[in-house]
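Novice: Structure below; questions to follow.
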Amino acid sequence: MALSRLALVRQVAKNQAALGQLVRFSSDLSPSDTLPSTLRDKYYPKLGNRDIVGYGWNGYPTYIDRQEFPCPPVRFRENTPEVMALRAKEKGDWNKLTLEDKRALYRASFAQTFAEMNAPTGEWKSIVAMTLLGLSFTLWILLYCRRFVLQPLPRTINDEWQEKQLELMLKQRQNAVIGVGSKWDYENNRWK
């Protein structure tokens, strides 16, 4: 068991070192330019024609929108000729870019804005529905058990029986020192 954990730690360290090389090589290059073939074969079949632009939140080149780590390691969309033309235009003066160009560049790199990540999803409705479904299922099981599984209560579980039982205990002077009998005044026949 310890050997397999050690092997796993070594494999993760090896992958992170390889990814560090990959990030260093892929800053402004396409996947087929100067990446070592082992790294290109390992990561780019999963990524397609997308750029690896950083380390990411866990060191693996997968895209995910996270508020606590806003810079994903890969771009959201693949490099199309339109996007590459905009990236060439972006290296110049940003005042020459139109608002649509800036939005297209943003959407090529990111799937959501922070406002879209923070927007309510309505997931609470499904959580409440599943909770209520679970509670109703539990209630039906309880009703079934009371009706068909549990036996009726014994005859001793009623107020009349318990009063007679208390009377008998007092007549027999049970627990006269510290129990029920200690709270009864035997001379006046009433509770102290």
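Every chain in the structure tokens takes a letter, A first, then B, and so on in the order presented; its residues are numbered from 1, and the ligands are numbered from 1 following the presented order.
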Give me the residues within 12 Å of Tyr186 in chain A as a PyMOL selection string, counting only C-alpha atoms and dropping any in the same chain fewer than 2 places off.
Specialist: chain A and resi 167+170-173+176+180-184+188-192
Novice: Can you tell me which residues surround range 96-110 of chain A at a distance of at most 8 Å, considering only C-alpha atoms, apart from same-chain residues fewer than 3 positions away, and format the answer as a short mmCIF file (atom, residue, chain, number, x, y, z; two decimals) with C-alpha atoms, in the first residue's frame?
Specialist:
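Saved as part.cif:
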data_model
loop_
_atom_site.label_atom_id
_atom_site.label_comp_id
_atom_site.auth_asym_id
_atom_site.auth_seq_id
_atom_site.Cartn_x
_atom_site.Cartn_y
_atom_site.Cartn_z
CA ASP A 65 -14.24 28.35 -14.20
CA VAL A 74 -5.97 26.58 -21.03
CA ARG A 75 -8.05 28.82 -23.23
CA PHE A 76 -11.77 28.08 -23.46
CA ARG A 77 -12.07 27.88 -27.26
CA GLU A 78 -9.84 26.43 -29.90
CA VAL A 83 -9.43 34.23 -33.14
CA LEU A 86 -7.90 39.01 -33.30
CA ARG A 87 -4.90 37.89 -31.22
CA LYS A 89 -4.64 42.62 -33.64
CA GLU A 90 -4.56 42.52 -29.83
CA ASP A 93 -3.00 49.29 -29.79
CA THR A 113 -17.59 36.37 -16.62
#
Novice: So what do you get for CA of Leu142 in chain A versus CA of Ile127 in chain A, distance-wise?
Specialist: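 CA of Leu142 in chain A sits 22.5 Å away from CA of Ile127 in chain A.
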Novice: With only C-alpha atoms as the counted atoms, please give the residues lying no more than 12 Å from Pro70 in chain A, apart from itself and same-chain residues fewer than 6 positions off, as a PDB file with C-alpha atoms, in the first residue's frame.
Specialist:
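selection-v4.pdb was written with the following content:
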ATOM      1  CA  GLY A  54      -0.554  28.847 -17.315  1.00  0.00           C
ATOM      2  CA  TYR A  55      -0.199  26.386 -14.487  1.00  0.00           C
ATOM      3  CA  GLY A  56      -3.870  26.374 -13.449  1.00  0.00           C
ATOM      4  CA  TRP A  57      -5.369  25.668 -10.052  1.00  0.00           C
ATOM      5  CA  TYR A  63     -10.498  24.232 -18.322  1.00  0.00           C
ATOM      6  CA  ILE A  64     -12.724  25.070 -15.373  1.00  0.00           C
ATOM      7  CA  SER A 109     -10.210  32.660 -23.435  1.00  0.00           C
ATOM      8  CA  PHE A 110     -12.991  32.380 -20.839  1.00  0.00           C
ATOM      9  CA  ALA A 111     -16.404  30.721 -20.775  1.00  0.00           C
ATOM     10  CA  GLN A 112     -18.008  32.961 -18.147  1.00  0.00           C
ATOM     11  CA  THR A 113     -17.586  36.369 -16.622  1.00  0.00           C
ATOM     12  CA  PHE A 114     -17.570  36.774 -12.840  1.00  0.00           C
ATOM     13  CA  MET A 117     -20.373  32.720 -12.323  1.00  0.00           C
TER      14      MET A 117
END
